[in-house]
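This report concerns only the one structure given below.
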Amino acid sequence: MPQITINGTPVEAPEDSYVLEAIESLGIEVPTLCHHPALTPVGVCKVCVVEVALPGKKPRVRPSCILKPKEGMDIQTHSERVQKARTRAFRKLLRYAPESEKIYHLAEKFNVHLGPVPDDCIRCQICIRACSEIVGVGALAMDDLDNVVPVAGDKCIGCGTCANLCPTGAIRMEDKDGLRTIYIRDEIIGRHALVKCEACGRLFATQKFLDRVAERTGEHPHVKESHRYCPTCAKLLSDRVKSSKKIKRM
Ligand code: SF4
């Protein structure tokens with residue numbers, strides 16, 4: 001029976017067995033996806049790769065599920081070469097199953113970094129820039145895993161600029177039951193009560209947004225009262241003021 005070494009531990013492995021079995025017999029975990037003990041191994045997913053060195057030969061990376069033990073084999077299950085080959089294998093699988101949570105969870109368990117889960121967000125950062133440069137709030141940021149996330153401290157004012165400018169619709173704005181909710185993925189960025197237009201009564205904006213507008217624009221010297229009109233009523237009113245001025249001039 002060939003004697004092999006796995007991560008420095010000697011073990012005897014029957015000739016008709018596979019290295020993966022010897023690895024598992026030592027309680028060492030390697031990821032597997034295409035492997036099933038009741039079926040003939042085929043080594044197609046390649047996430048179970050290990051580094052194999054035979055006396056007098058260069059080390060190679062091979063799927064352990066189809067690797068037969070040979071006398072003097074030295075196996076490394078988590079070397080740098082293994083990690084690189086395993087990452088390539090996981091990434092290749094993602095091309096076929098880009099939204100597979102199973103693949104992401106397995107990769108994470110074995111410290112293989114695959115980048116963020118596809119979520120319609122193309123990481124253009126328009127939302128982050130708009131919230132900071134146009135709205136002046138800075139409620140969004142990128143996290144360590146390259147995901148757009150709300151920053152701590154509930155800064156969102158519910159203006160909807162991020163959702164309106166998002167080129168792929170990854171950020172959504174929903175007005176329902178008197179509440180405005182801003183989402184990315186299934187995560188809530190902000191949720192706020194909507195206030196009514198003083199002319200038509202339609203729920204149209206959040207209080208925090210209106211306060212922000214008042215704060216940024218300041219009081220107009222010719223406006224004695226502050227009214228809160230939706231864009232449609234504001235336009236109608238402004239058209240009426242313009243036409244009344246024209247009439248006076250005549
Ligand atoms: S809705 Fe919130 S996160 Fe989006 S731009 Fe406005 S303040 Fe920023």
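Letters A, B, ... mark the chains of the structure tokens in the order given; residue numbers begin at 1 per chain; ligand numbers begin at 1, in order shown.
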Open item on the list: Distance limit 7 Å, reference ligand 1, atoms considered: only C-alpha atoms and all ligand atoms. Which residues make the cut? Give them as a ChimeraX atom specification.
Closed with: /A:127,130-131,135,137-140,155-163,182,189-190
Output N, CA and C atoms for every residue in the selection just made, as a short mmCIF file (atom, residue, chain, number, x, y, z; two decimals), in the first residue's frame.
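Dumped everything to part_36.cif:
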```
data_model
loop_
_atom_site.label_atom_id
_atom_site.label_comp_id
_atom_site.auth_asym_id
_atom_site.auth_seq_id
_atom_site.Cartn_x
_atom_site.Cartn_y
_atom_site.Cartn_z
N CYS A 127 -24.28 56.73 -7.70
CA CYS A 127 -25.13 56.98 -6.54
C CYS A 127 -24.34 57.66 -5.42
N ALA A 130 -23.46 61.20 -6.56
CA ALA A 130 -24.63 62.08 -6.59
C ALA A 130 -25.04 62.47 -5.18
N CYS A 131 -25.04 61.48 -4.28
CA CYS A 131 -25.46 61.75 -2.90
C CYS A 131 -24.50 62.73 -2.23
N VAL A 135 -26.47 66.15 -3.71
CA VAL A 135 -27.35 66.29 -2.54
C VAL A 135 -26.58 66.84 -1.34
N VAL A 137 -25.10 65.04 1.01
CA VAL A 137 -25.42 64.28 2.22
C VAL A 137 -24.36 63.22 2.54
N GLY A 138 -23.88 62.52 1.51
CA GLY A 138 -22.86 61.48 1.73
C GLY A 138 -23.41 60.29 2.50
N ALA A 139 -24.59 59.82 2.08
CA ALA A 139 -25.22 58.70 2.81
C ALA A 139 -24.76 57.34 2.31
N LEU A 140 -23.98 57.31 1.21
CA LEU A 140 -23.58 56.02 0.63
C LEU A 140 -22.06 55.92 0.53
N LYS A 155 -28.10 58.65 7.43
CA LYS A 155 -27.95 59.98 6.84
C LYS A 155 -28.90 60.27 5.67
N CYS A 156 -29.44 59.20 5.08
CA CYS A 156 -30.29 59.37 3.89
C CYS A 156 -31.46 60.30 4.19
N ILE A 157 -31.76 61.19 3.23
CA ILE A 157 -32.90 62.09 3.42
C ILE A 157 -34.07 61.72 2.49
N GLY A 158 -33.89 60.62 1.74
CA GLY A 158 -34.99 60.13 0.91
C GLY A 158 -35.30 61.00 -0.29
N CYS A 159 -34.27 61.63 -0.86
CA CYS A 159 -34.53 62.51 -2.01
C CYS A 159 -34.75 61.69 -3.29
N GLY A 160 -34.15 60.50 -3.37
CA GLY A 160 -34.32 59.65 -4.55
C GLY A 160 -33.35 59.94 -5.68
N THR A 161 -32.41 60.86 -5.48
CA THR A 161 -31.47 61.20 -6.56
C THR A 161 -30.66 59.98 -6.99
N CYS A 162 -30.22 59.19 -6.03
CA CYS A 162 -29.41 58.01 -6.36
C CYS A 162 -30.21 57.04 -7.23
N ALA A 163 -31.47 56.82 -6.87
CA ALA A 163 -32.30 55.89 -7.63
C ALA A 163 -32.58 56.43 -9.03
N ILE A 182 -35.89 53.64 0.03
CA ILE A 182 -34.81 53.54 -0.95
C ILE A 182 -34.08 52.23 -0.65
N ILE A 189 -31.80 51.50 2.35
CA ILE A 189 -30.87 52.62 2.55
C ILE A 189 -31.54 53.68 3.44
N GLY A 190 -32.81 53.92 3.18
CA GLY A 190 -33.53 54.91 3.98
C GLY A 190 -35.03 54.71 3.85
#
```
- [ ] Once DSSP has gone over the backbone, tell me which residues of stretch 28-138 of chain A are in alpha helix (DSSP H), as a count of residues only.
- [x] 30
Task: Among the residues A:Ala152, A:Cys45, A:Met73, A:Cys200, the one that comes closest to A:Lys58 [using only C-alpha atoms] - done: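 For A:Lys58, the nearest of the given residues is A:Met73.
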Task: Those of stretch 105-151 of chain A in DSSP strand (DSSP E), formatted as a list in words - done: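 Secondary structure check on stretch 105-151 of chain A, strand (DSSP E): Leu140, Ala141, Met142, Val148, Val149 and Pro150 of chain A.
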